[in-house]
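**Student:** Here you go, one structure.
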Amino acid sequence: MWHCFVWILLLWASPVVAEEVTDYGLGPGDVVDVQVWREHDLSGEHEIDASGRLRHALAGEVEAAGLSTRALAERLRERLARDFLREPRVSVALVSSARRKAWVIGSVARPGQYAVGEDTRLLDLLFAAGGLGLDAGSAAKFYRMGAPEPGEPLRAPGDGDPKWTAPVDVAALLSGDLSENRPVEAGDVLVVISRSDPAAGIPRRVRVMGEVEKPGAYALADAATVLDAVLVAGGFTEYASLNRVRLVRGEGEERAVVRVRVGDLVDGKPGAKDIDLEAGDLVVVPESFF
């Protein structure tokens, strides 16, 4: 059912665009927007060539590699002031970067590289990649590879060891769990796993529904038992039947339902037993008859 939420949330997500980053070291392949005040013919977008130079109609070839946008603007200003214009005003903004990009691969509509801005998050990447593929499962892997150094091209997925990896529960993310909406940096890799992949069950989560304050999916690490799951979900509502809680495990013929007297657990009654949860378990808190 979580697929129903995908386009609503993706339309809500902010667009993935490269923003002006004043301390970013420019390099070959980067595109910048040069604006010279009151000089329309001298303004426009320029790509830094393979040698690290920007070719401007009036300023000529200007060394740009390794400079910030602010430093490049000053270099252009000095060149124009020295030979051509009186007190020119120049600004430079980063339009797109050959290195400030992240990869999205796996079961998405358009796998590839996408620009990374200062506020880019995982939902933004999914939006840029056209959303999930038809065979997408509920799991993804997120790799923090580290941003390339100035002059270094963006590494392809599999090149080098990641600084760290983390599972991502796509089902929870698209259902509104923004704790899964991690910030994205240049060089990161998001791999959306298909349903047929054995790794599709990587996120270890349980679900809690019914008469709790915050129904939803929760990490198994935070909800190791039935009582833990209820507490993580904000506790019971005033209408909950504490001793009729159900644990549902498995599907089809292997589906099992176990009653848990959580009310007795809370009261510390002898013989009351909590139950350890497993990934994929469902805890149902029914409404009281009274």
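We label chains A, B, ... in the order they appear in the structure tokens, count residues from 1 in each chain, and number ligands from 1 in the order shown.
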What parts of range 22-172 of chain A does DSSP call alpha helix (DSSP H)? I'd like the answer as an MDAnalysis selection string.

**Tutor:** chainID A and resid 69:83 122:128 170:172

**Student:** Please write the residues from the selection above to a file, keeping C-alpha atoms, as a compact mmCIF listing (two decimals), in the first residue's frame.

**Tutor:**
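In the end it all went to selection.txt:
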# COMPACT_ATOMS: atom_id res chain seq x y z
CA THR A 69 32.70 30.96 -7.14
CA ARG A 70 33.54 34.11 -5.20
CA ALA A 71 37.24 33.90 -6.10
CA LEU A 72 36.42 33.31 -9.75
CA ALA A 73 34.13 36.35 -9.77
CA GLU A 74 36.95 38.46 -8.37
CA ARG A 75 39.41 37.14 -10.96
CA LEU A 76 36.99 37.99 -13.79
CA ARG A 77 36.33 41.40 -12.28
CA GLU A 78 40.05 42.17 -12.16
CA ARG A 79 40.55 41.05 -15.76
CA LEU A 80 37.63 43.15 -17.05
CA ALA A 81 38.60 46.19 -14.96
CA ARG A 82 42.21 46.08 -16.12
CA ASP A 83 41.54 46.01 -19.85
CA LEU A 122 16.89 10.84 -0.10
CA LEU A 123 13.35 11.78 -1.17
CA ASP A 124 14.87 14.37 -3.51
CA LEU A 125 17.03 11.70 -5.14
CA LEU A 126 14.05 9.39 -5.60
CA PHE A 127 12.12 12.27 -7.18
CA ALA A 128 15.02 13.05 -9.55
CA VAL A 170 11.76 2.72 1.52
CA ALA A 171 8.29 1.63 2.64
CA ALA A 172 8.60 3.67 5.83

**Student:** From a DSSP calculation on the backbone, collect every residue of range 180-255 of chain A in strand (DSSP E) and output the set as a PyMOL selection string.

**Tutor:** chain A and resi 189-194+205-210+216-219+245-249

**Student:** Grab the residues selected above and save them as a short mmCIF file (atom, residue, chain, number, x, y, z; two decimals), in the first residue's frame with N, CA, C and O atoms.

**Tutor:**
data_model
loop_
_atom_site.label_atom_id
_atom_site.label_comp_id
_atom_site.auth_asym_id
_atom_site.auth_seq_id
_atom_site.Cartn_x
_atom_site.Cartn_y
_atom_site.Cartn_z
N VAL A 189 25.76 7.07 -2.73
CA VAL A 189 25.11 6.10 -3.62
C VAL A 189 23.88 5.54 -2.92
O VAL A 189 23.97 5.04 -1.80
N LEU A 190 22.73 5.60 -3.59
CA LEU A 190 21.50 4.99 -3.10
C LEU A 190 21.15 3.84 -4.03
O LEU A 190 20.99 4.03 -5.24
N VAL A 191 21.04 2.64 -3.47
CA VAL A 191 20.70 1.44 -4.25
C VAL A 191 19.32 0.96 -3.80
O VAL A 191 19.15 0.54 -2.65
N VAL A 192 18.34 1.04 -4.69
CA VAL A 192 16.99 0.56 -4.39
C VAL A 192 16.90 -0.90 -4.81
O VAL A 192 17.14 -1.24 -5.98
N ILE A 193 16.57 -1.77 -3.87
CA ILE A 193 16.63 -3.21 -4.09
C ILE A 193 15.29 -3.72 -4.60
O ILE A 193 14.22 -3.33 -4.11
N SER A 194 15.33 -4.62 -5.59
CA SER A 194 14.10 -5.18 -6.14
C SER A 194 13.52 -6.22 -5.19
O SER A 194 14.21 -6.77 -4.33
N ARG A 205 12.39 -4.05 10.73
CA ARG A 205 11.40 -3.18 11.35
C ARG A 205 10.17 -4.00 11.72
O ARG A 205 9.91 -5.07 11.17
N VAL A 206 9.40 -3.45 12.65
CA VAL A 206 8.11 -4.02 13.02
C VAL A 206 7.07 -2.93 12.88
O VAL A 206 7.38 -1.74 12.86
N ARG A 207 5.81 -3.35 12.78
CA ARG A 207 4.72 -2.39 12.64
C ARG A 207 3.80 -2.48 13.87
O ARG A 207 3.57 -3.55 14.41
N VAL A 208 3.28 -1.32 14.24
CA VAL A 208 2.35 -1.23 15.36
C VAL A 208 1.12 -0.50 14.86
O VAL A 208 1.23 0.60 14.29
N MET A 209 -0.05 -1.09 15.06
CA MET A 209 -1.28 -0.45 14.59
C MET A 209 -2.37 -0.61 15.64
O MET A 209 -2.25 -1.39 16.58
N GLY A 210 -3.43 0.15 15.46
CA GLY A 210 -4.54 0.08 16.39
C GLY A 210 -4.52 1.23 17.39
O GLY A 210 -4.15 2.36 17.06
N GLY A 216 2.61 2.98 13.28
CA GLY A 216 3.60 3.09 12.20
C GLY A 216 4.63 1.99 12.26
O GLY A 216 4.49 1.00 13.00
N ALA A 217 5.69 2.15 11.45
CA ALA A 217 6.80 1.19 11.40
C ALA A 217 7.94 1.69 12.26
O ALA A 217 8.28 2.88 12.23
N TYR A 218 8.54 0.78 13.02
CA TYR A 218 9.62 1.14 13.94
C TYR A 218 10.77 0.15 13.82
O TYR A 218 10.56 -1.03 13.52
N ALA A 219 11.98 0.66 14.06
CA ALA A 219 13.16 -0.19 13.99
C ALA A 219 13.10 -1.27 15.06
O ALA A 219 12.73 -1.01 16.21
N VAL A 245 -3.92 -7.45 23.27
CA VAL A 245 -2.95 -7.13 22.23
C VAL A 245 -2.60 -8.41 21.46
O VAL A 245 -2.46 -9.49 22.05
N ARG A 246 -2.45 -8.29 20.15
CA ARG A 246 -2.14 -9.43 19.32
C ARG A 246 -0.80 -9.23 18.61
O ARG A 246 -0.51 -8.15 18.11
N LEU A 247 -0.01 -10.29 18.59
CA LEU A 247 1.21 -10.33 17.79
C LEU A 247 0.94 -11.21 16.58
O LEU A 247 0.58 -12.39 16.72
N VAL A 248 1.09 -10.63 15.38
CA VAL A 248 0.88 -11.37 14.13
C VAL A 248 2.23 -11.58 13.48
O VAL A 248 2.96 -10.62 13.21
N ARG A 249 2.57 -12.83 13.20
CA ARG A 249 3.88 -13.15 12.60
C ARG A 249 3.69 -14.07 11.40
O ARG A 249 2.95 -15.05 11.45
#

**Student:** Using only C-alpha atoms, pick whichever of A:Gly106, A:Pro111, A:Gly66, A:Pro162 has the shortest atom-to-atom distance to Ala140 in chain A.

**Tutor:**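 Of the candidates, the smallest distance to Ala140 in chain A is held by A:Gly106.
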
**Student:** Could you check how far CA of Ala59 in chain A sits from CA of Gly29 in chain A, in Å to one decimal?

**Tutor:**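 Those two atoms sit 19.5 Å apart.
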
**Student:** Which one of A:Trp164, A:Tyr143, A:Trp37, A:Phe236 sits closest to Val90 in chain A if you count only C-alpha atoms?

**Tutor:**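 With only C-alpha atoms as the atom set, the closest residue is A:Trp37.
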
**Student:** Do a neighbour search on Asp169 in chain A at 8 Å with only C-alpha atoms, toss out local chain neighbours closer than 4 positions, and write the hits as a PyMOL selection string.

**Tutor:** chain A and resi 138-140+173+180+203

**Student:** Got time to write the residues from that selection, N, CA, C and O atoms, as a compact mmCIF listing (two decimals), in the first residue's frame?

**Tutor:**
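Output file again39.txt follows:
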# COMPACT_ATOMS: atom_id res chain seq x y z
N SER A 138 10.90 -3.03 -0.56
CA SER A 138 10.76 -2.03 0.50
C SER A 138 12.11 -1.61 1.07
O SER A 138 12.16 -0.84 2.03
N ALA A 139 13.20 -2.10 0.48
CA ALA A 139 14.52 -1.86 1.06
C ALA A 139 15.45 -1.15 0.08
O ALA A 139 15.30 -1.24 -1.14
N ALA A 140 16.39 -0.43 0.65
CA ALA A 140 17.45 0.20 -0.13
C ALA A 140 18.72 0.21 0.71
O ALA A 140 18.67 0.03 1.93
N LEU A 173 9.85 5.30 4.52
CA LEU A 173 10.14 6.63 4.01
C LEU A 173 8.98 7.18 3.20
O LEU A 173 8.55 8.32 3.38
N GLU A 180 13.87 8.39 8.04
CA GLU A 180 14.60 7.67 7.00
C GLU A 180 15.11 8.62 5.91
O GLU A 180 15.85 8.20 5.03
N PRO A 203 16.08 -3.84 5.90
CA PRO A 203 15.58 -3.05 7.03
C PRO A 203 14.83 -3.94 8.02
O PRO A 203 13.89 -4.63 7.66

**Student:** Can you pull out every residue within 8 Å of range 144-147 of chain A, counting only C-alpha atoms, but drop anything in the same chain fewer than 3 positions away, and send it as an NGL selection string?

**Tutor:** :A and (99-100 or 154 or 160-165 or 185-189)

**Student:** Would you list the contacts of Ser43 in chain A as a PyMOL selection string, taking every protein, DNA or RNA residue within 12 Å and counting only C-alpha atoms, but skipping same-chain residues closer than 5 positions in sequence?

**Tutor:** chain A and resi 32-38+56-59+73+76+89-93

**Student:** Please report the interatomic distance between CA of Glu238 in chain A and CA of Leu265 in chain A in Å with one decimal.

**Tutor:**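 CA of Glu238 in chain A sits 17.4 Å away from CA of Leu265 in chain A.
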